[in-house]
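The structure appears below as structure tokens.
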Amino acid sequence: MTTSPVSRSHCNVCALALQCPLGLSNEFWVSAVRERVRMATYPADHVFLEGRDGSDRFSFIKTGHVLVRQMGPDGVYRPVALIGQGFLMGAFGFSGYAPKLDAETVGKVSVCELAYADLVSLKPTDASVDRALRRFREHAAQVMISWSQLMRIRSAPQRLAAALNLMLMTHHASRLTLPPHHVLADLLAISRETVSRALDELVAARLVRRISRGVVDVDEAALRAWLQRLC
């Protein structure tokens with residue numbers, strides 16, 4: 001893992017500035033917080049949090065994807081969502097609610113981080129802070145709901161296409177670096193072989209084009225039109 005401080009100049013040129021929690025608060029308060037924010041880059045398979053321990057910080061995802069797993073009634077953690085750009089991890093934990101979740105990087109992931117303790121030490125009174133956190137909690141809930149709906153899609157190609165569509169909504173680019181097939185298989189509740197066949201079907205339908213190993217270019221408009229026709 002590598003870390004570095006965050007400067008105002010960096011925030012001014014950040015592509016996610018308008019989605020960032022700092023961008024949703026007043027400038028006076030932001031200046032105090034920014035001094036405590038760190039940029040960090042994590043390698044693949046880094047575990048952000050353990051469900052039993054909870055998180056001690058906010059992590060705002062700038063690039064990459066994180067696999068979220070939730071503990072079921074049998075005590076087993078299973079994949080429930082893939083989160084990416086613009087997602088704020090830790091919004092629930094700071095509010096005192098710690099769902100039993102694991103979060104593990106899928107490939108390299110860059111984030112901006114702020115420890116809960118550093119935020120508390122500032123004694124925030126700005127109402128925009130509460131509004132921003134509420135917005136991110138609502139966003140997190142919507143993301144989880146969207147991923148849960150995939151399990152109601154019977155066809156594997158359609159289920160994979162819907163997953164790619166959700167990834168595009170956070171990636172903001174048509175070129176995607178796909179998670180390994182075993183990750184997609186676990187997330188979509190299908191086998192690795194079925195993932196491969198489903199991807200082949202999307203390629204044959206010219207909805208997806210392979211660029212290199214694990215990298216695809218998605219025709220967003222065609223993919224979404226195809227999904228809508230099947231509804």
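Chain labels follow the order of the structure tokens: the first chain is A, the next B, and so on; residue numbering restarts at 1 in every chain, and ligands are counted from 1 in their shown order.
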Could you give me, as a PyMOL selection string, each residue of range 15-219 of chain A that DSSP assigns to helix (DSSP H, G or I) when run on this structure's backbone? chain A and resi 22-24+27-34+91-94+116-121+127-152+156-171+181-188+192-204
Wanna dump the range 107-194 of chain A-range 212-219 of chain A contacts at 6 Å for me, each residue with its shortest atom pair and the distance in Å to one decimal, counting only C-alpha atoms, ordered by chain and number, as a tab-separated table?
residue	atom	partner	partner_atom	distance
A:Ser174	CA	A:Val218	CA	5.2
A:Arg175	CA	A:Asp217	CA	4.3
A:Leu176	CA	A:Val216	CA	5.4
A:Thr177	CA	A:Val215	CA	4.5
A:Leu178	CA	A:Gly214	CA	5.3
Go through range 93-200 of chain A and flag each residue having an atom no more than 10 Å from range 61-76 of chain A; for those, report the closest pair of atoms plus their distance in Å to one decimal, using only C-alpha atoms, ordered by chain and rising number, as a Markdown table.
| residue | atom | partner | partner_atom | distance |
| --- | --- | --- | --- | --- |
| A:Pro99 | CA | A:Gln70 | CA | 8.0 |
| A:Lys100 | CA | A:Met71 | CA | 5.8 |
| A:Leu101 | CA | A:Gln70 | CA | 4.5 |
| A:Asp102 | CA | A:Arg69 | CA | 5.0 |
| A:Ala103 | CA | A:Val68 | CA | 4.5 |
| A:Glu104 | CA | A:Leu67 | CA | 5.2 |
| A:Thr105 | CA | A:Val66 | CA | 4.4 |
| A:Val106 | CA | A:Val66 | CA | 5.4 |
| A:Gly107 | CA | A:Gly64 | CA | 6.8 |
| A:Lys108 | CA | A:Gly64 | CA | 6.1 |
| A:Val109 | CA | A:Gly64 | CA | 4.5 |
| A:Ser110 | CA | A:Thr63 | CA | 5.2 |
| A:Val111 | CA | A:Ile61 | CA | 4.5 |
| A:Cys112 | CA | A:Ile61 | CA | 6.8 |
| A:Glu113 | CA | A:Ile61 | CA | 8.9 |
| A:Met144 | CA | A:Val68 | CA | 9.3 |
| A:Met167 | CA | A:His65 | CA | 8.7 |
| A:Thr170 | CA | A:His65 | CA | 9.2 |
| A:His171 | CA | A:Thr63 | CA | 7.9 |
| A:Leu176 | CA | A:Gly64 | CA | 9.8 |
| A:Thr177 | CA | A:Gly64 | CA | 8.7 |
| A:Leu178 | CA | A:His65 | CA | 9.3 |
| A:Pro179 | CA | A:His65 | CA | 8.3 |
| A:Val183 | CA | A:Leu67 | CA | 8.3 |
| A:Leu184 | CA | A:Leu67 | CA | 9.8 |
| A:Leu187 | CA | A:Leu67 | CA | 8.5 |
Take the residues from that selection and put them in a file with N, CA and C atoms, as a PDB file, in the first residue's frame.
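The result, stored in result-v4.pdb:
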ATOM      1  N   PRO A  99     -22.932  -3.253   9.525  1.00  0.00           N
ATOM      2  CA  PRO A  99     -23.397  -4.514   8.951  1.00  0.00           C
ATOM      3  C   PRO A  99     -22.233  -5.479   8.800  1.00  0.00           C
ATOM      4  N   LYS A 100     -22.497  -6.756   8.890  1.00  0.00           N
ATOM      5  CA  LYS A 100     -21.426  -7.743   8.815  1.00  0.00           C
ATOM      6  C   LYS A 100     -21.006  -7.925   7.361  1.00  0.00           C
ATOM      7  N   LEU A 101     -20.056  -7.087   6.955  1.00  0.00           N
ATOM      8  CA  LEU A 101     -19.578  -7.078   5.580  1.00  0.00           C
ATOM      9  C   LEU A 101     -18.067  -7.229   5.527  1.00  0.00           C
ATOM     10  N   ASP A 102     -17.601  -7.856   4.466  1.00  0.00           N
ATOM     11  CA  ASP A 102     -16.192  -7.855   4.097  1.00  0.00           C
ATOM     12  C   ASP A 102     -16.072  -7.048   2.811  1.00  0.00           C
ATOM     13  N   ALA A 103     -14.959  -6.375   2.613  1.00  0.00           N
ATOM     14  CA  ALA A 103     -14.720  -5.646   1.371  1.00  0.00           C
ATOM     15  C   ALA A 103     -13.284  -5.915   0.934  1.00  0.00           C
ATOM     16  N   GLU A 104     -13.123  -6.465  -0.265  1.00  0.00           N
ATOM     17  CA  GLU A 104     -11.804  -6.866  -0.753  1.00  0.00           C
ATOM     18  C   GLU A 104     -11.574  -6.306  -2.156  1.00  0.00           C
ATOM     19  N   THR A 105     -10.388  -5.757  -2.379  1.00  0.00           N
ATOM     20  CA  THR A 105     -10.080  -5.156  -3.671  1.00  0.00           C
ATOM     21  C   THR A 105     -10.014  -6.210  -4.773  1.00  0.00           C
ATOM     22  N   VAL A 106     -10.516  -5.822  -5.952  1.00  0.00           N
ATOM     23  CA  VAL A 106     -10.415  -6.659  -7.153  1.00  0.00           C
ATOM     24  C   VAL A 106      -9.470  -5.909  -8.092  1.00  0.00           C
ATOM     25  N   GLY A 107      -8.201  -6.239  -8.059  1.00  0.00           N
ATOM     26  CA  GLY A 107      -7.216  -5.448  -8.768  1.00  0.00           C
ATOM     27  C   GLY A 107      -6.808  -4.245  -7.939  1.00  0.00           C
ATOM     28  N   LYS A 108      -5.990  -3.359  -8.510  1.00  0.00           N
ATOM     29  CA  LYS A 108      -5.506  -2.181  -7.784  1.00  0.00           C
ATOM     30  C   LYS A 108      -6.636  -1.173  -7.593  1.00  0.00           C
ATOM     31  N   VAL A 109      -6.709  -0.607  -6.397  1.00  0.00           N
ATOM     32  CA  VAL A 109      -7.774   0.338  -6.052  1.00  0.00           C
ATOM     33  C   VAL A 109      -7.160   1.575  -5.399  1.00  0.00           C
ATOM     34  N   SER A 110      -7.597   2.748  -5.850  1.00  0.00           N
ATOM     35  CA  SER A 110      -7.145   4.007  -5.258  1.00  0.00           C
ATOM     36  C   SER A 110      -8.298   4.653  -4.497  1.00  0.00           C
ATOM     37  N   VAL A 111      -7.997   5.166  -3.319  1.00  0.00           N
ATOM     38  CA  VAL A 111      -9.021   5.784  -2.473  1.00  0.00           C
ATOM     39  C   VAL A 111      -8.474   7.028  -1.793  1.00  0.00           C
ATOM     40  N   CYS A 112      -9.384   7.865  -1.314  1.00  0.00           N
ATOM     41  CA  CYS A 112      -9.042   8.920  -0.368  1.00  0.00           C
ATOM     42  C   CYS A 112      -9.646   8.504   0.967  1.00  0.00           C
ATOM     43  N   GLU A 113      -8.857   8.602   2.040  1.00  0.00           N
ATOM     44  CA  GLU A 113      -9.293   8.081   3.335  1.00  0.00           C
ATOM     45  C   GLU A 113      -9.253   9.144   4.424  1.00  0.00           C
ATOM     46  N   MET A 144     -26.637  -1.801  -3.384  1.00  0.00           N
ATOM     47  CA  MET A 144     -26.875  -3.167  -2.910  1.00  0.00           C
ATOM     48  C   MET A 144     -28.183  -3.721  -3.488  1.00  0.00           C
ATOM     49  N   MET A 167     -21.478  -2.054 -13.556  1.00  0.00           N
ATOM     50  CA  MET A 167     -20.080  -1.639 -13.472  1.00  0.00           C
ATOM     51  C   MET A 167     -19.847  -0.368 -14.271  1.00  0.00           C
ATOM     52  N   THR A 170     -20.627   3.004 -12.553  1.00  0.00           N
ATOM     53  CA  THR A 170     -19.666   3.557 -11.597  1.00  0.00           C
ATOM     54  C   THR A 170     -18.312   3.825 -12.235  1.00  0.00           C
ATOM     55  N   HIS A 171     -18.045   3.171 -13.374  1.00  0.00           N
ATOM     56  CA  HIS A 171     -16.729   3.286 -13.994  1.00  0.00           C
ATOM     57  C   HIS A 171     -16.615   4.507 -14.888  1.00  0.00           C
ATOM     58  N   LEU A 176     -13.689  -1.688 -19.682  1.00  0.00           N
ATOM     59  CA  LEU A 176     -13.703  -2.254 -18.337  1.00  0.00           C
ATOM     60  C   LEU A 176     -12.605  -3.295 -18.167  1.00  0.00           C
ATOM     61  N   THR A 177     -11.984  -3.279 -17.008  1.00  0.00           N
ATOM     62  CA  THR A 177     -11.124  -4.385 -16.597  1.00  0.00           C
ATOM     63  C   THR A 177     -11.985  -5.306 -15.751  1.00  0.00           C
ATOM     64  N   LEU A 178     -12.276  -6.473 -16.284  1.00  0.00           N
ATOM     65  CA  LEU A 178     -13.188  -7.383 -15.600  1.00  0.00           C
ATOM     66  C   LEU A 178     -12.532  -8.045 -14.399  1.00  0.00           C
ATOM     67  N   PRO A 179     -13.308  -8.315 -13.375  1.00  0.00           N
ATOM     68  CA  PRO A 179     -12.807  -9.143 -12.279  1.00  0.00           C
ATOM     69  C   PRO A 179     -12.490 -10.538 -12.821  1.00  0.00           C
ATOM     70  N   VAL A 183     -14.356 -14.636  -9.524  1.00  0.00           N
ATOM     71  CA  VAL A 183     -15.041 -13.594  -8.756  1.00  0.00           C
ATOM     72  C   VAL A 183     -16.424 -13.345  -9.345  1.00  0.00           C
ATOM     73  N   LEU A 184     -16.490 -13.228 -10.680  1.00  0.00           N
ATOM     74  CA  LEU A 184     -17.785 -13.039 -11.331  1.00  0.00           C
ATOM     75  C   LEU A 184     -18.698 -14.235 -11.077  1.00  0.00           C
ATOM     76  N   LEU A 187     -20.060 -13.967  -7.595  1.00  0.00           N
ATOM     77  CA  LEU A 187     -20.962 -12.825  -7.479  1.00  0.00           C
ATOM     78  C   LEU A 187     -22.300 -13.088  -8.158  1.00  0.00           C
TER      79      LEU A 187
END
Can you pull out the residues contacting range 149-159 of chain A? Cut-off 9 Å, using only C-alpha atoms, and skip same-chain residues under 2 positions away; I want them as a VMD selection string. chain A and resid 144 to 147 161 to 164 188 to 190 194 to 195 197 to 202 226 to 227 230
Hey, can you spit out that residue selection with C-alpha atoms as a CSV table (one decimal), in the first residue's frame?
chain,number,residue,atom,x,y,z
A,144,MET,CA,-26.9,-3.2,-2.9
A,145,ILE,CA,-30.5,-3.3,-4.1
A,146,SER,CA,-29.4,-3.1,-7.7
A,147,TRP,CA,-27.0,-6.0,-7.4
A,161,ALA,CA,-24.8,-8.1,-19.2
A,162,ALA,CA,-26.7,-6.6,-16.2
A,163,ALA,CA,-23.6,-6.8,-14.1
A,164,LEU,CA,-21.5,-5.1,-16.8
A,188,LEU,CA,-23.5,-14.0,-10.1
A,189,ALA,CA,-24.0,-17.5,-8.5
A,190,ILE,CA,-22.9,-19.3,-11.7
A,194,THR,CA,-20.9,-20.4,-17.5
A,195,VAL,CA,-19.2,-17.0,-17.1
A,197,ARG,CA,-19.8,-18.9,-22.2
A,198,ALA,CA,-22.0,-15.9,-21.3
A,199,LEU,CA,-19.1,-13.6,-22.2
A,200,ASP,CA,-18.7,-15.4,-25.5
A,201,GLU,CA,-22.4,-14.8,-26.3
A,202,LEU,CA,-22.1,-11.1,-25.5
A,226,TRP,CA,-30.5,-5.3,-25.6
A,227,LEU,CA,-31.4,-5.6,-21.9
A,230,LEU,CA,-35.4,-8.7,-23.0
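Comparing A:Val33, A:Ala222, A:Val203, A:Val13 by their smallest distance to Leu119 in chain A, the closest is A:Val33 (using only C-alpha atoms).
When only C-alpha atoms are used to compute distances to Cys20 in chain A, the closest of the residues A:Leu133, A:Ala115, A:Leu82, A:Ala221 turns out to be A:Leu133.
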Where in range 14-227 of chain A does DSSP assign strand (DSSP E), given as a PyMOL selection string? chain A and resi 38-42+47-49+57-71+77-83+88-89+101-115+175-177+208-212+215-218
Would you save the residues of that selection, restricted to C-alpha atoms, as a PDB file, in the first residue's frame?
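Once everything was written out, this is out-v1.pdb:
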ATOM      1  CA  ARG A  38      -4.750  10.640   2.766  1.00  0.00           C
ATOM      2  CA  MET A  39      -4.687   9.187  -0.730  1.00  0.00           C
ATOM      3  CA  ALA A  40      -3.936   5.468  -0.721  1.00  0.00           C
ATOM      4  CA  THR A  41      -3.436   2.800  -3.371  1.00  0.00           C
ATOM      5  CA  TYR A  42      -4.107  -0.810  -2.426  1.00  0.00           C
ATOM      6  CA  VAL A  47      -9.197  -6.624   2.691  1.00  0.00           C
ATOM      7  CA  PHE A  48     -10.568  -3.212   3.644  1.00  0.00           C
ATOM      8  CA  LEU A  49     -12.603  -4.396   6.584  1.00  0.00           C
ATOM      9  CA  ARG A  57     -12.408   5.163   8.548  1.00  0.00           C
ATOM     10  CA  PHE A  58     -14.083   6.524   5.467  1.00  0.00           C
ATOM     11  CA  SER A  59     -12.663   5.302   2.148  1.00  0.00           C
ATOM     12  CA  PHE A  60     -13.840   7.116  -0.999  1.00  0.00           C
ATOM     13  CA  ILE A  61     -13.140   4.991  -4.073  1.00  0.00           C
ATOM     14  CA  LYS A  62     -11.420   6.905  -6.887  1.00  0.00           C
ATOM     15  CA  THR A  63     -10.446   4.060  -9.225  1.00  0.00           C
ATOM     16  CA  GLY A  64     -10.877   0.294  -9.297  1.00  0.00           C
ATOM     17  CA  HIS A  65     -13.452  -2.114  -7.911  1.00  0.00           C
ATOM     18  CA  VAL A  66     -14.093  -3.632  -4.505  1.00  0.00           C
ATOM     19  CA  LEU A  67     -15.980  -6.879  -3.914  1.00  0.00           C
ATOM     20  CA  VAL A  68     -18.443  -6.685  -1.018  1.00  0.00           C
ATOM     21  CA  ARG A  69     -19.401  -9.854   0.848  1.00  0.00           C
ATOM     22  CA  GLN A  70     -22.121 -10.169   3.462  1.00  0.00           C
ATOM     23  CA  MET A  71     -22.485 -12.804   6.142  1.00  0.00           C
ATOM     24  CA  TYR A  77     -19.644 -14.620   3.769  1.00  0.00           C
ATOM     25  CA  ARG A  78     -20.882 -14.468   0.170  1.00  0.00           C
ATOM     26  CA  PRO A  79     -20.413 -11.817  -2.577  1.00  0.00           C
ATOM     27  CA  VAL A  80     -23.321  -9.395  -2.832  1.00  0.00           C
ATOM     28  CA  ALA A  81     -22.009  -6.438  -4.861  1.00  0.00           C
ATOM     29  CA  LEU A  82     -19.132  -4.922  -6.758  1.00  0.00           C
ATOM     30  CA  ILE A  83     -18.584  -1.255  -5.891  1.00  0.00           C
ATOM     31  CA  LEU A  88     -17.977   5.949   0.103  1.00  0.00           C
ATOM     32  CA  MET A  89     -17.138   3.010   2.340  1.00  0.00           C
ATOM     33  CA  LEU A 101     -19.578  -7.078   5.580  1.00  0.00           C
ATOM     34  CA  ASP A 102     -16.192  -7.855   4.097  1.00  0.00           C
ATOM     35  CA  ALA A 103     -14.720  -5.646   1.371  1.00  0.00           C
ATOM     36  CA  GLU A 104     -11.804  -6.866  -0.753  1.00  0.00           C
ATOM     37  CA  THR A 105     -10.080  -5.156  -3.671  1.00  0.00           C
ATOM     38  CA  VAL A 106     -10.415  -6.659  -7.153  1.00  0.00           C
ATOM     39  CA  GLY A 107      -7.216  -5.448  -8.768  1.00  0.00           C
ATOM     40  CA  LYS A 108      -5.506  -2.181  -7.784  1.00  0.00           C
ATOM     41  CA  VAL A 109      -7.774   0.338  -6.052  1.00  0.00           C
ATOM     42  CA  SER A 110      -7.145   4.007  -5.258  1.00  0.00           C
ATOM     43  CA  VAL A 111      -9.021   5.784  -2.473  1.00  0.00           C
ATOM     44  CA  CYS A 112      -9.042   8.920  -0.368  1.00  0.00           C
ATOM     45  CA  GLU A 113      -9.293   8.081   3.335  1.00  0.00           C
ATOM     46  CA  LEU A 114     -10.269   9.882   6.513  1.00  0.00           C
ATOM     47  CA  ALA A 115     -10.183   8.218   9.931  1.00  0.00           C
ATOM     48  CA  ARG A 175     -13.568   0.049 -21.338  1.00  0.00           C
ATOM     49  CA  LEU A 176     -13.703  -2.254 -18.337  1.00  0.00           C
ATOM     50  CA  THR A 177     -11.124  -4.385 -16.597  1.00  0.00           C
ATOM     51  CA  VAL A 208     -18.763  -6.528 -25.940  1.00  0.00           C
ATOM     52  CA  ARG A 209     -15.383  -6.497 -27.664  1.00  0.00           C
ATOM     53  CA  ARG A 210     -12.314  -8.148 -26.155  1.00  0.00           C
ATOM     54  CA  ILE A 211      -9.301  -5.830 -25.995  1.00  0.00           C
ATOM     55  CA  SER A 212      -6.854  -7.973 -24.081  1.00  0.00           C
ATOM     56  CA  VAL A 215     -10.141  -6.097 -20.601  1.00  0.00           C
ATOM     57  CA  VAL A 216     -13.264  -5.469 -22.689  1.00  0.00           C
ATOM     58  CA  ASP A 217     -14.856  -2.560 -24.480  1.00  0.00           C
ATOM     59  CA  VAL A 218     -18.622  -2.393 -23.987  1.00  0.00           C
TER      60      VAL A 218
END
CA of Leu166 in chain A and CA of His139 in chain A are how many Å apart?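 So the answer is 13.2 Å.
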Using CA of Gly84 in chain A and CA of His10 in chain A as the two end points, give the distance in Å to one decimal.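 Interatomic distance, CA of Gly84 in chain A to CA of His10 in chain A: 20.0 Å.
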Nearest to Val143 in chain A, chosen from A:Pro5, A:Pro21, A:Gly86, A:Pro43, with only C-alpha atoms counted in the distances: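 Selected residue with least distance to Val143 in chain A: A:Gly86.
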